[in-house]
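In what follows, a single structure is set out as structure tokens and then discussed.
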Amino acid sequence: MRAIDIHVHPGTREYLIEGGGKYMADALAYFHKHGPPVTLDDMAKLYREADMRAVLLAWDTETATGLPRVSNDFVADAVRRYPDVFLGFASVDPWKGKLAVAELERAVRVLGLRGLKLHPIVQAFWPNDRRFAPLWETCAALNIPVMFHTGTTGVGAGVPGGNGLHLKYGNPMPALDDLAADFPSLTIIGAHPSWPWQEEMLAIAVHKTNVYIDLSGWSPKYFSPTLVQYAKTLLQDRILFGTDYPFLSPEQWLGEFDKLGFKPEVREKILLENSRRLLRL
Ligand SMILES: [Zn+2]
């Protein structure tokens, strides 16, 4: 196994068209992706040939968007069908309250998913709102990481009003810092370079060891020098490889990353070892 891609969306019609609706159409245009959706078969082949594992992310934004889910069962089924390639993270809709907590427990205990992925901008919520504390307590009790989208987003980008989405929810400060402080046994992954709040995210991760950063959704050639510097040094044990497939491909991401001059042992941690430890593989 060469790498673990910790941030992979199903590039299938269930996510790109049905679950994503008008929001995902904007994201695809933003990333200049115009091909038709692929199948799970196509994705399994791509990752198998690249000798990588892919963490597939479910999607539940029903309350905020009214769109159908990419369910935890869909992701678990993909993992069952391609166990040599896929791992899965659950999604729940935080606004569903006790139902969200019960669904998270089912997704991990029954379906075997290994983390929780949330998108505060699309799901329209503050992670540090006390109403959602039961979700974080459940993640900690289940011993799974919770991944939050951070920074700006391609979803809703490039149209008037950004499709009604509020970027404020993508600012990790203070929401993720509050969460990391209040739940020290909760493992948090801040997804993506957090532009325009990159320094805030780095400060949180440097200060709190229960915080990780994934490098997905952003071409490595555009990483800020500060992010690269921290990834090479202080944060080398908590930075994770991710692409945000289908918006970026693993080969494109890796080709650009390899021009940034990481030492082989640090590269190995970021591509593989940090996620392997985090996911207890
Ligand atoms: Zn993503």
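Ligands are numbered from 1 in the order shown, chains are lettered A, B, ... in the order of the structure tokens, and residues start at 1 in each chain.
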What's around region 16-28 of chain A at 10 Å? Count only C-alpha atoms, leave out sequence neighbours fewer than 5 positions away in its own chain, and write the answer as a ChimeraX atom specification. /A:9-11,33-38,58-62,65-71,122,153-159,162-165,246-247
Output the selection as a CSV table (one decimal), in the first residue's frame - N, CA, C and O atoms for each residue.
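Saved file part28.csv follows:
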chain,number,residue,atom,x,y,z
A,9,HIS,N,-14.7,11.5,-2.3
A,9,HIS,CA,-16.2,11.5,-2.5
A,9,HIS,C,-16.5,10.5,-3.5
A,9,HIS,O,-15.8,10.3,-4.5
A,10,PRO,N,-17.7,9.8,-3.4
A,10,PRO,CA,-18.1,8.9,-4.5
A,10,PRO,C,-18.3,9.8,-5.7
A,10,PRO,O,-19.2,10.7,-5.7
A,11,GLY,N,-17.5,9.6,-6.8
A,11,GLY,CA,-17.7,10.4,-8.0
A,11,GLY,C,-18.8,9.9,-8.8
A,11,GLY,O,-18.9,10.0,-10.0
A,33,LYS,N,-14.4,20.5,-13.7
A,33,LYS,CA,-14.7,19.0,-14.0
A,33,LYS,C,-15.9,19.0,-14.8
A,33,LYS,O,-17.0,19.4,-14.3
A,34,HIS,N,-15.9,18.4,-15.9
A,34,HIS,CA,-17.1,18.4,-16.8
A,34,HIS,C,-17.5,17.0,-17.3
A,34,HIS,O,-18.4,16.9,-18.0
A,35,GLY,N,-16.7,16.0,-16.9
A,35,GLY,CA,-17.1,14.6,-17.3
A,35,GLY,C,-18.3,14.1,-16.7
A,35,GLY,O,-18.8,14.7,-15.7
A,36,PRO,N,-18.9,13.0,-17.1
A,36,PRO,CA,-20.0,12.4,-16.5
A,36,PRO,C,-19.6,11.7,-15.2
A,36,PRO,O,-18.4,11.4,-15.0
A,37,PRO,N,-20.5,11.4,-14.3
A,37,PRO,CA,-20.2,10.6,-13.1
A,37,PRO,C,-19.5,9.3,-13.5
A,37,PRO,O,-19.8,8.8,-14.5
A,38,VAL,N,-18.7,8.8,-12.6
A,38,VAL,CA,-18.1,7.5,-12.8
A,38,VAL,C,-18.9,6.4,-11.9
A,38,VAL,O,-19.9,6.8,-11.3
A,58,ALA,N,-19.6,9.6,3.2
A,58,ALA,CA,-21.1,9.8,3.0
A,58,ALA,C,-21.5,11.2,3.1
A,58,ALA,O,-20.6,12.1,3.3
A,59,TRP,N,-22.8,11.5,2.9
A,59,TRP,CA,-23.2,12.9,2.7
A,59,TRP,C,-24.7,13.0,3.2
A,59,TRP,O,-25.5,12.4,2.6
A,60,ASP,N,-24.9,13.7,4.3
A,60,ASP,CA,-26.3,13.9,4.7
A,60,ASP,C,-26.5,15.4,5.1
A,60,ASP,O,-26.1,15.9,6.1
A,61,THR,N,-27.1,16.1,4.1
A,61,THR,CA,-27.4,17.6,4.3
A,61,THR,C,-28.9,17.8,4.2
A,61,THR,O,-29.3,18.9,3.8
A,62,GLU,N,-29.7,16.8,4.5
A,62,GLU,CA,-31.1,16.9,4.2
A,62,GLU,C,-31.8,18.1,4.8
A,62,GLU,O,-32.6,18.8,4.1
A,65,THR,N,-30.4,21.4,2.9
A,65,THR,CA,-30.6,21.5,1.4
A,65,THR,C,-31.8,20.8,0.9
A,65,THR,O,-32.2,21.1,-0.3
A,66,GLY,N,-32.4,19.9,1.6
A,66,GLY,CA,-33.5,19.2,1.1
A,66,GLY,C,-33.2,18.1,0.1
A,66,GLY,O,-34.0,17.5,-0.5
A,67,LEU,N,-31.9,17.9,-0.1
A,67,LEU,CA,-31.4,16.9,-1.1
A,67,LEU,C,-31.3,15.5,-0.5
A,67,LEU,O,-31.1,15.4,0.7
A,68,PRO,N,-31.4,14.5,-1.3
A,68,PRO,CA,-31.2,13.1,-0.7
A,68,PRO,C,-29.8,12.9,-0.2
A,68,PRO,O,-28.9,13.5,-0.7
A,69,ARG,N,-29.7,11.9,0.7
A,69,ARG,CA,-28.4,11.5,1.2
A,69,ARG,C,-27.6,10.7,0.3
A,69,ARG,O,-28.2,10.0,-0.5
A,70,VAL,N,-26.3,10.7,0.5
A,70,VAL,CA,-25.5,9.5,0.0
A,70,VAL,C,-25.3,8.8,1.4
A,70,VAL,O,-24.6,9.2,2.2
A,71,SER,N,-26.1,7.7,1.5
A,71,SER,CA,-26.3,7.1,2.8
A,71,SER,C,-25.0,6.4,3.3
A,71,SER,O,-24.2,6.0,2.6
A,122,VAL,N,-22.2,23.6,4.2
A,122,VAL,CA,-23.4,23.1,3.6
A,122,VAL,C,-24.5,22.7,4.6
A,122,VAL,O,-25.7,22.9,4.4
A,153,THR,N,-15.3,27.0,0.1
A,153,THR,CA,-15.7,25.7,-0.6
A,153,THR,C,-16.1,26.0,-2.0
A,153,THR,O,-16.5,27.1,-2.4
A,154,GLY,N,-15.9,24.9,-2.8
A,154,GLY,CA,-16.3,25.0,-4.2
A,154,GLY,C,-17.8,24.9,-4.4
A,154,GLY,O,-18.4,25.3,-5.4
A,155,VAL,N,-18.4,24.3,-3.3
A,155,VAL,CA,-19.9,24.2,-3.3
A,155,VAL,C,-20.5,25.6,-3.3
A,155,VAL,O,-20.3,26.4,-2.4
A,156,GLY,N,-21.3,25.9,-4.3
A,156,GLY,CA,-22.0,27.2,-4.3
A,156,GLY,C,-21.1,28.3,-4.9
A,156,GLY,O,-21.5,29.4,-5.0
A,157,ALA,N,-19.8,27.9,-5.3
A,157,ALA,CA,-18.9,28.9,-5.7
A,157,ALA,C,-19.2,29.4,-7.1
A,157,ALA,O,-19.6,28.6,-8.0
A,158,GLY,N,-19.1,30.7,-7.4
A,158,GLY,CA,-19.2,31.2,-8.7
A,158,GLY,C,-20.6,31.5,-9.2
A,158,GLY,O,-20.8,31.7,-10.4
A,159,VAL,N,-21.5,31.6,-8.2
A,159,VAL,CA,-22.9,32.0,-8.6
A,159,VAL,C,-23.4,33.1,-7.6
A,159,VAL,O,-22.9,33.2,-6.5
A,162,GLY,N,-23.7,32.6,-3.8
A,162,GLY,CA,-23.1,31.3,-3.4
A,162,GLY,C,-24.1,30.3,-3.1
A,162,GLY,O,-23.9,29.4,-2.2
A,163,ASN,N,-25.2,30.3,-3.8
A,163,ASN,CA,-26.3,29.4,-3.5
A,163,ASN,C,-26.8,29.4,-2.1
A,163,ASN,O,-27.3,28.4,-1.5
A,164,GLY,N,-26.6,30.6,-1.4
A,164,GLY,CA,-27.2,30.8,-0.1
A,164,GLY,C,-26.3,30.2,1.0
A,164,GLY,O,-26.7,30.2,2.2
A,165,LEU,N,-25.1,29.7,0.7
A,165,LEU,CA,-24.2,29.1,1.7
A,165,LEU,C,-23.4,30.2,2.4
A,165,LEU,O,-22.9,31.2,1.7
A,246,PRO,N,-13.8,13.5,-6.6
A,246,PRO,CA,-13.3,13.6,-8.0
A,246,PRO,C,-12.9,14.9,-8.4
A,246,PRO,O,-12.5,15.2,-9.6
A,247,PHE,N,-12.8,15.9,-7.4
A,247,PHE,CA,-12.4,17.2,-7.8
A,247,PHE,C,-10.9,17.3,-8.1
A,247,PHE,O,-10.5,18.1,-9.0
What residues have any atom no more than 8 Å from ligand 1 when counting only C-alpha atoms and all ligand atoms, and can you list them as a VMD selection string? chain A and resid 7 to 9 149 191 to 192 216 to 217 244 to 245
Take the residues that were just selected and, keeping all heavy atoms, output them as a PDB file, in the first residue's frame.
ATOM      1  N   HIS A   7      -9.712  11.518   1.950  1.00  0.00           N
ATOM      2  CA  HIS A   7     -10.834  12.415   1.613  1.00  0.00           C
ATOM      3  C   HIS A   7     -11.294  12.149   0.181  1.00  0.00           C
ATOM      4  O   HIS A   7     -10.839  12.785  -0.767  1.00  0.00           O
ATOM      5  CB  HIS A   7     -10.375  13.867   1.778  1.00  0.00           C
ATOM      6  CG  HIS A   7     -11.488  14.860   1.851  1.00  0.00           C
ATOM      7  ND1 HIS A   7     -11.697  15.698   2.914  1.00  0.00           N
ATOM      8  CD2 HIS A   7     -12.483  15.148   0.970  1.00  0.00           C
ATOM      9  CE1 HIS A   7     -12.755  16.458   2.695  1.00  0.00           C
ATOM     10  NE2 HIS A   7     -13.252  16.146   1.510  1.00  0.00           N
ATOM     11  N   VAL A   8     -12.212  11.206   0.033  1.00  0.00           N
ATOM     12  CA  VAL A   8     -12.657  10.766  -1.293  1.00  0.00           C
ATOM     13  C   VAL A   8     -14.185  10.778  -1.342  1.00  0.00           C
ATOM     14  O   VAL A   8     -14.848  10.126  -0.534  1.00  0.00           O
ATOM     15  CB  VAL A   8     -12.143   9.343  -1.593  1.00  0.00           C
ATOM     16  CG1 VAL A   8     -12.632   8.874  -2.956  1.00  0.00           C
ATOM     17  CG2 VAL A   8     -10.620   9.288  -1.528  1.00  0.00           C
ATOM     18  N   HIS A   9     -14.731  11.538  -2.263  1.00  0.00           N
ATOM     19  CA  HIS A   9     -16.179  11.528  -2.460  1.00  0.00           C
ATOM     20  C   HIS A   9     -16.523  10.494  -3.522  1.00  0.00           C
ATOM     21  O   HIS A   9     -15.770  10.326  -4.481  1.00  0.00           O
ATOM     22  CB  HIS A   9     -16.664  12.904  -2.916  1.00  0.00           C
ATOM     23  CG  HIS A   9     -16.370  13.982  -1.922  1.00  0.00           C
ATOM     24  ND1 HIS A   9     -17.095  14.129  -0.763  1.00  0.00           N
ATOM     25  CD2 HIS A   9     -15.423  14.943  -1.899  1.00  0.00           C
ATOM     26  CE1 HIS A   9     -16.605  15.159  -0.073  1.00  0.00           C
ATOM     27  NE2 HIS A   9     -15.588  15.657  -0.735  1.00  0.00           N
ATOM     28  N   HIS A 149     -15.105  19.887   7.170  1.00  0.00           N
ATOM     29  CA  HIS A 149     -14.672  20.771   6.100  1.00  0.00           C
ATOM     30  C   HIS A 149     -14.243  22.090   6.735  1.00  0.00           C
ATOM     31  O   HIS A 149     -14.920  22.597   7.616  1.00  0.00           O
ATOM     32  CB  HIS A 149     -15.827  21.004   5.112  1.00  0.00           C
ATOM     33  CG  HIS A 149     -15.464  21.991   4.053  1.00  0.00           C
ATOM     34  ND1 HIS A 149     -15.052  21.607   2.800  1.00  0.00           N
ATOM     35  CD2 HIS A 149     -15.403  23.345   4.087  1.00  0.00           C
ATOM     36  CE1 HIS A 149     -14.761  22.699   2.090  1.00  0.00           C
ATOM     37  NE2 HIS A 149     -14.959  23.761   2.849  1.00  0.00           N
ATOM     38  N   ALA A 191     -10.409  19.465   7.461  1.00  0.00           N
ATOM     39  CA  ALA A 191     -10.191  19.072   6.073  1.00  0.00           C
ATOM     40  C   ALA A 191      -9.813  20.278   5.224  1.00  0.00           C
ATOM     41  O   ALA A 191     -10.395  21.351   5.385  1.00  0.00           O
ATOM     42  CB  ALA A 191     -11.446  18.416   5.503  1.00  0.00           C
ATOM     43  N   HIS A 192      -8.875  20.055   4.349  1.00  0.00           N
ATOM     44  CA  HIS A 192      -8.421  21.036   3.343  1.00  0.00           C
ATOM     45  C   HIS A 192      -7.514  22.107   3.954  1.00  0.00           C
ATOM     46  O   HIS A 192      -7.667  22.469   5.116  1.00  0.00           O
ATOM     47  CB  HIS A 192      -9.604  21.781   2.667  1.00  0.00           C
ATOM     48  CG  HIS A 192     -10.745  20.907   2.280  1.00  0.00           C
ATOM     49  ND1 HIS A 192     -10.600  19.810   1.454  1.00  0.00           N
ATOM     50  CD2 HIS A 192     -12.062  20.951   2.600  1.00  0.00           C
ATOM     51  CE1 HIS A 192     -11.789  19.248   1.288  1.00  0.00           C
ATOM     52  NE2 HIS A 192     -12.697  19.894   1.977  1.00  0.00           N
ATOM     53  N   SER A 216      -6.511  17.889   1.385  1.00  0.00           N
ATOM     54  CA  SER A 216      -7.310  17.642   0.181  1.00  0.00           C
ATOM     55  C   SER A 216      -7.938  18.910  -0.378  1.00  0.00           C
ATOM     56  O   SER A 216      -8.026  19.946   0.288  1.00  0.00           O
ATOM     57  CB  SER A 216      -8.420  16.645   0.520  1.00  0.00           C
ATOM     58  OG  SER A 216      -9.370  17.263   1.362  1.00  0.00           O
ATOM     59  N   GLY A 217      -8.401  18.801  -1.621  1.00  0.00           N
ATOM     60  CA  GLY A 217      -9.235  19.854  -2.204  1.00  0.00           C
ATOM     61  C   GLY A 217      -8.474  21.063  -2.704  1.00  0.00           C
ATOM     62  O   GLY A 217      -9.086  22.087  -3.028  1.00  0.00           O
ATOM     63  N   ASP A 244      -9.758  14.884  -2.220  1.00  0.00           N
ATOM     64  CA  ASP A 244     -11.075  15.449  -2.526  1.00  0.00           C
ATOM     65  C   ASP A 244     -11.571  14.934  -3.886  1.00  0.00           C
ATOM     66  O   ASP A 244     -12.340  15.616  -4.563  1.00  0.00           O
ATOM     67  CB  ASP A 244     -11.063  16.986  -2.531  1.00  0.00           C
ATOM     68  CG  ASP A 244     -12.395  17.589  -2.089  1.00  0.00           C
ATOM     69  OD1 ASP A 244     -13.229  16.843  -1.542  1.00  0.00           O
ATOM     70  OD2 ASP A 244     -12.591  18.796  -2.290  1.00  0.00           O
ATOM     71  N   TYR A 245     -11.105  13.729  -4.274  1.00  0.00           N
ATOM     72  CA  TYR A 245     -11.626  13.101  -5.486  1.00  0.00           C
ATOM     73  C   TYR A 245     -13.155  13.216  -5.487  1.00  0.00           C
ATOM     74  O   TYR A 245     -13.753  13.060  -4.440  1.00  0.00           O
ATOM     75  CB  TYR A 245     -11.198  11.625  -5.506  1.00  0.00           C
ATOM     76  CG  TYR A 245     -11.706  10.877  -6.713  1.00  0.00           C
ATOM     77  CD1 TYR A 245     -10.943  10.764  -7.850  1.00  0.00           C
ATOM     78  CD2 TYR A 245     -12.983  10.301  -6.693  1.00  0.00           C
ATOM     79  CE1 TYR A 245     -11.435  10.105  -8.974  1.00  0.00           C
ATOM     80  CE2 TYR A 245     -13.476   9.646  -7.815  1.00  0.00           C
ATOM     81  CZ  TYR A 245     -12.702   9.552  -8.947  1.00  0.00           C
ATOM     82  OH  TYR A 245     -13.195   8.919 -10.050  1.00  0.00           O
TER      83      TYR A 245
END
So that I can check the surroundings of Pro145 (chain A), please list as a ChimeraX atom specification every protein, DNA and RNA residue that reaches within 7 Å of it, counting only C-alpha atoms and ignoring chain neighbours fewer than 2 positions away. /A:115-116,139,143,147,186-189
Output the selection as a compact mmCIF listing (two decimals), in the first residue's frame - all heavy atoms for each residue.
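The result, written out as part-v4.txt:
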# COMPACT_ATOMS: atom_id res chain seq x y z
N GLY A 115 -15.17 6.68 10.75
CA GLY A 115 -15.07 8.09 11.12
C GLY A 115 -16.36 8.79 10.76
O GLY A 115 -17.28 8.17 10.21
N LEU A 116 -16.41 10.09 11.08
CA LEU A 116 -17.59 10.91 10.75
C LEU A 116 -17.10 12.10 9.95
O LEU A 116 -16.10 12.73 10.29
CB LEU A 116 -18.25 11.38 12.04
CG LEU A 116 -19.41 12.39 11.90
CD1 LEU A 116 -20.59 11.76 11.17
CD2 LEU A 116 -19.85 12.89 13.28
N CYS A 139 -18.68 10.29 19.20
CA CYS A 139 -17.44 10.03 18.44
C CYS A 139 -16.32 9.61 19.38
O CYS A 139 -15.59 8.64 19.10
CB CYS A 139 -16.98 11.29 17.69
SG CYS A 139 -17.98 11.68 16.25
N ASN A 143 -14.48 6.05 19.66
CA ASN A 143 -13.06 6.12 19.31
C ASN A 143 -12.86 6.31 17.80
O ASN A 143 -12.03 5.64 17.18
CB ASN A 143 -12.35 4.86 19.82
CG ASN A 143 -10.87 5.10 20.04
OD1 ASN A 143 -10.40 6.25 19.95
ND2 ASN A 143 -10.14 4.03 20.29
N MET A 147 -14.20 14.50 10.96
CA MET A 147 -13.58 15.38 9.96
C MET A 147 -14.55 16.50 9.62
O MET A 147 -15.72 16.25 9.30
CB MET A 147 -13.27 14.56 8.71
CG MET A 147 -12.78 15.38 7.52
SD MET A 147 -12.73 14.39 5.99
CE MET A 147 -11.27 13.40 6.26
N LEU A 186 -11.54 13.71 21.87
CA LEU A 186 -12.10 13.67 20.51
C LEU A 186 -10.99 13.98 19.51
O LEU A 186 -10.26 14.96 19.66
CB LEU A 186 -13.20 14.73 20.40
CG LEU A 186 -13.85 14.91 19.02
CD1 LEU A 186 -14.68 13.69 18.65
CD2 LEU A 186 -14.72 16.17 19.00
N THR A 187 -10.86 13.14 18.49
CA THR A 187 -9.88 13.40 17.43
C THR A 187 -10.57 14.16 16.31
O THR A 187 -11.58 13.69 15.76
CB THR A 187 -9.28 12.09 16.90
OG1 THR A 187 -8.63 11.43 17.99
CG2 THR A 187 -8.28 12.36 15.79
N ILE A 188 -10.02 15.31 15.96
CA ILE A 188 -10.62 16.21 14.97
C ILE A 188 -9.69 16.30 13.75
O ILE A 188 -8.48 16.46 13.91
CB ILE A 188 -10.81 17.61 15.58
CG1 ILE A 188 -11.84 17.55 16.72
CG2 ILE A 188 -11.22 18.63 14.51
CD1 ILE A 188 -11.91 18.82 17.55
N ILE A 189 -10.28 16.18 12.56
CA ILE A 189 -9.51 16.43 11.34
C ILE A 189 -10.10 17.68 10.67
O ILE A 189 -11.28 17.71 10.34
CB ILE A 189 -9.62 15.26 10.34
CG1 ILE A 189 -9.18 13.94 10.98
CG2 ILE A 189 -8.80 15.55 9.06
CD1 ILE A 189 -9.53 12.70 10.15
Report as an NGL selection string all protein, DNA and RNA residues lying within 9 Å of region 94-109 of chain A, evaluated on only C-alpha atoms, omitting residues in the same chain fewer than 3 positions from it. :A and (60-61 or 63-64 or 72-73 or 76 or 89-91 or 112-116 or 118 or 123 or 125 or 131-132 or 134-135 or 138-139 or 142 or 144)
Export N, CA and C atoms of the chosen residues as a PDB file, in the first residue's frame?
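And here's part13.pdb as it stands now:
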ATOM      1  N   ASP A  60     -24.937  13.730   4.282  1.00  0.00           N
ATOM      2  CA  ASP A  60     -26.318  13.935   4.716  1.00  0.00           C
ATOM      3  C   ASP A  60     -26.524  15.411   5.053  1.00  0.00           C
ATOM      4  N   THR A  61     -27.115  16.129   4.103  1.00  0.00           N
ATOM      5  CA  THR A  61     -27.374  17.563   4.295  1.00  0.00           C
ATOM      6  C   THR A  61     -28.880  17.822   4.188  1.00  0.00           C
ATOM      7  N   THR A  63     -31.548  18.405   6.089  1.00  0.00           N
ATOM      8  CA  THR A  63     -32.269  19.524   6.706  1.00  0.00           C
ATOM      9  C   THR A  63     -31.948  20.841   6.005  1.00  0.00           C
ATOM     10  N   ALA A  64     -30.659  21.060   5.712  1.00  0.00           N
ATOM     11  CA  ALA A  64     -30.251  22.352   5.154  1.00  0.00           C
ATOM     12  C   ALA A  64     -30.563  22.477   3.668  1.00  0.00           C
ATOM     13  N   ASN A  72     -25.037   6.209   4.659  1.00  0.00           N
ATOM     14  CA  ASN A  72     -23.987   5.403   5.273  1.00  0.00           C
ATOM     15  C   ASN A  72     -24.053   3.974   4.756  1.00  0.00           C
ATOM     16  N   ASP A  73     -25.253   3.504   4.442  1.00  0.00           N
ATOM     17  CA  ASP A  73     -25.390   2.154   3.880  1.00  0.00           C
ATOM     18  C   ASP A  73     -24.757   2.076   2.493  1.00  0.00           C
ATOM     19  N   ALA A  76     -21.058   1.885   3.146  1.00  0.00           N
ATOM     20  CA  ALA A  76     -20.706   0.587   3.727  1.00  0.00           C
ATOM     21  C   ALA A  76     -20.800  -0.521   2.685  1.00  0.00           C
ATOM     22  N   PHE A  89     -16.201   6.671   5.860  1.00  0.00           N
ATOM     23  CA  PHE A  89     -16.606   7.570   6.942  1.00  0.00           C
ATOM     24  C   PHE A  89     -18.107   7.829   6.794  1.00  0.00           C
ATOM     25  N   ALA A  90     -18.779   7.860   7.929  1.00  0.00           N
ATOM     26  CA  ALA A  90     -20.213   8.150   7.954  1.00  0.00           C
ATOM     27  C   ALA A  90     -20.460   9.651   7.810  1.00  0.00           C
ATOM     28  N   SER A  91     -21.680   9.983   7.457  1.00  0.00           N
ATOM     29  CA  SER A  91     -22.140  11.363   7.595  1.00  0.00           C
ATOM     30  C   SER A  91     -23.469  11.301   8.337  1.00  0.00           C
ATOM     31  N   GLY A 112     -19.668  -0.688  10.310  1.00  0.00           N
ATOM     32  CA  GLY A 112     -18.203  -0.762  10.293  1.00  0.00           C
ATOM     33  C   GLY A 112     -17.501   0.468   9.726  1.00  0.00           C
ATOM     34  N   LEU A 113     -18.190   1.614   9.675  1.00  0.00           N
ATOM     35  CA  LEU A 113     -17.523   2.824   9.188  1.00  0.00           C
ATOM     36  C   LEU A 113     -16.567   3.339  10.277  1.00  0.00           C
ATOM     37  N   ARG A 114     -15.558   4.107   9.842  1.00  0.00           N
ATOM     38  CA  ARG A 114     -14.418   4.381  10.717  1.00  0.00           C
ATOM     39  C   ARG A 114     -14.243   5.824  11.129  1.00  0.00           C
ATOM     40  N   GLY A 115     -15.172   6.682  10.755  1.00  0.00           N
ATOM     41  CA  GLY A 115     -15.067   8.087  11.120  1.00  0.00           C
ATOM     42  C   GLY A 115     -16.362   8.787  10.756  1.00  0.00           C
ATOM     43  N   LEU A 116     -16.409  10.094  11.076  1.00  0.00           N
ATOM     44  CA  LEU A 116     -17.586  10.910  10.749  1.00  0.00           C
ATOM     45  C   LEU A 116     -17.105  12.102   9.946  1.00  0.00           C
ATOM     46  N   LEU A 118     -18.295  15.828   8.306  1.00  0.00           N
ATOM     47  CA  LEU A 118     -19.331  16.861   8.328  1.00  0.00           C
ATOM     48  C   LEU A 118     -18.874  18.084   7.520  1.00  0.00           C
ATOM     49  N   GLN A 123     -24.077  22.129   5.701  1.00  0.00           N
ATOM     50  CA  GLN A 123     -25.041  21.689   6.717  1.00  0.00           C
ATOM     51  C   GLN A 123     -25.499  22.839   7.621  1.00  0.00           C
ATOM     52  N   PHE A 125     -24.192  24.768  10.269  1.00  0.00           N
ATOM     53  CA  PHE A 125     -24.179  24.670  11.737  1.00  0.00           C
ATOM     54  C   PHE A 125     -22.791  25.039  12.269  1.00  0.00           C
ATOM     55  N   ARG A 131     -25.652  22.332  21.487  1.00  0.00           N
ATOM     56  CA  ARG A 131     -26.706  21.371  21.122  1.00  0.00           C
ATOM     57  C   ARG A 131     -26.145  20.125  20.446  1.00  0.00           C
ATOM     58  N   PHE A 132     -24.950  20.254  19.843  1.00  0.00           N
ATOM     59  CA  PHE A 132     -24.397  19.113  19.111  1.00  0.00           C
ATOM     60  C   PHE A 132     -23.405  18.294  19.934  1.00  0.00           C
ATOM     61  N   PRO A 134     -23.707  15.962  22.105  1.00  0.00           N
ATOM     62  CA  PRO A 134     -23.861  14.488  22.132  1.00  0.00           C
ATOM     63  C   PRO A 134     -23.182  13.790  20.946  1.00  0.00           C
ATOM     64  N   LEU A 135     -23.114  14.478  19.816  1.00  0.00           N
ATOM     65  CA  LEU A 135     -22.427  13.869  18.661  1.00  0.00           C
ATOM     66  C   LEU A 135     -20.937  13.693  18.935  1.00  0.00           C
ATOM     67  N   THR A 138     -20.283  11.011  21.410  1.00  0.00           N
ATOM     68  CA  THR A 138     -20.445   9.695  20.782  1.00  0.00           C
ATOM     69  C   THR A 138     -19.207   9.337  19.950  1.00  0.00           C
ATOM     70  N   CYS A 139     -18.677  10.294  19.201  1.00  0.00           N
ATOM     71  CA  CYS A 139     -17.440  10.032  18.440  1.00  0.00           C
ATOM     72  C   CYS A 139     -16.319   9.609  19.382  1.00  0.00           C
ATOM     73  N   LEU A 142     -16.931   6.125  20.689  1.00  0.00           N
ATOM     74  CA  LEU A 142     -16.726   5.116  19.642  1.00  0.00           C
ATOM     75  C   LEU A 142     -15.267   5.070  19.190  1.00  0.00           C
ATOM     76  N   ILE A 144     -13.659   7.191  17.216  1.00  0.00           N
ATOM     77  CA  ILE A 144     -13.499   7.497  15.783  1.00  0.00           C
ATOM     78  C   ILE A 144     -13.217   9.000  15.605  1.00  0.00           C
TER      79      ILE A 144
END
Mind checking which residues fall within 8 Å of Ala54 (chain A), counting only C-alpha atoms, ignoring those fewer than 3 positions away in the same chain, and posting them as a VMD selection string? chain A and resid 4 to 8 47 85 to 87
May I have the residues from that selection written out with N, CA and C atoms, as a PDB file, in the first residue's frame?
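Ended up saving to again28.pdb:
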ATOM      1  N   ILE A   4      -2.825   6.299   1.755  1.00  0.00           N
ATOM      2  CA  ILE A   4      -4.242   6.291   2.125  1.00  0.00           C
ATOM      3  C   ILE A   4      -4.798   7.680   1.809  1.00  0.00           C
ATOM      4  N   ASP A   5      -5.727   7.729   0.888  1.00  0.00           N
ATOM      5  CA  ASP A   5      -6.389   8.984   0.535  1.00  0.00           C
ATOM      6  C   ASP A   5      -7.578   9.139   1.479  1.00  0.00           C
ATOM      7  N   ILE A   6      -7.459  10.051   2.437  1.00  0.00           N
ATOM      8  CA  ILE A   6      -8.459  10.125   3.516  1.00  0.00           C
ATOM      9  C   ILE A   6      -9.683  10.973   3.152  1.00  0.00           C
ATOM     10  N   HIS A   7      -9.712  11.518   1.950  1.00  0.00           N
ATOM     11  CA  HIS A   7     -10.834  12.415   1.613  1.00  0.00           C
ATOM     12  C   HIS A   7     -11.294  12.149   0.181  1.00  0.00           C
ATOM     13  N   VAL A   8     -12.212  11.206   0.033  1.00  0.00           N
ATOM     14  CA  VAL A   8     -12.657  10.766  -1.293  1.00  0.00           C
ATOM     15  C   VAL A   8     -14.185  10.778  -1.342  1.00  0.00           C
ATOM     16  N   TYR A  47      -8.004   3.390  -7.836  1.00  0.00           N
ATOM     17  CA  TYR A  47      -7.236   3.335  -6.585  1.00  0.00           C
ATOM     18  C   TYR A  47      -6.435   2.035  -6.465  1.00  0.00           C
ATOM     19  N   VAL A  85      -9.874  -1.932  -1.322  1.00  0.00           N
ATOM     20  CA  VAL A  85      -9.634  -0.547  -1.751  1.00  0.00           C
ATOM     21  C   VAL A  85     -10.280   0.466  -0.804  1.00  0.00           C
ATOM     22  N   PHE A  86     -11.555   0.265  -0.493  1.00  0.00           N
ATOM     23  CA  PHE A  86     -12.301   1.315   0.195  1.00  0.00           C
ATOM     24  C   PHE A  86     -12.396   1.123   1.704  1.00  0.00           C
ATOM     25  N   LEU A  87     -12.369   2.267   2.406  1.00  0.00           N
ATOM     26  CA  LEU A  87     -12.765   2.383   3.802  1.00  0.00           C
ATOM     27  C   LEU A  87     -13.855   3.452   3.795  1.00  0.00           C
TER      28      LEU A  87
END
Residues within 10 Å of Trp218 (chain A), please, as a ChimeraX atom specification. Count only C-alpha atoms; anything in the same chain fewer than 2 positions from it doesn't count. /A:31,192-195,215-216,220-223,242-244,247-248,253
Using only C-alpha atoms, what does the table of region 128-242 of chain A residues within 7 Å of region 263-279 of chain A look like, with each row giving the shortest atom pair and its distance in Å to one decimal, sorted by chain and ascending number, as a Markdown table?
| residue | atom | partner | partner_atom | distance |
| --- | --- | --- | --- | --- |
| A:Lys232 | CA | A:Val266 | CA | 6.7 |
| A:Gln236 | CA | A:Val266 | CA | 6.3 |
| A:Asp237 | CA | A:Asn274 | CA | 6.0 |
| A:Arg238 | CA | A:Asn274 | CA | 6.3 |
| A:Ile239 | CA | A:Ile270 | CA | 5.6 |
| A:Leu240 | CA | A:Ile270 | CA | 4.9 |
| A:Phe241 | CA | A:Leu271 | CA | 5.0 |
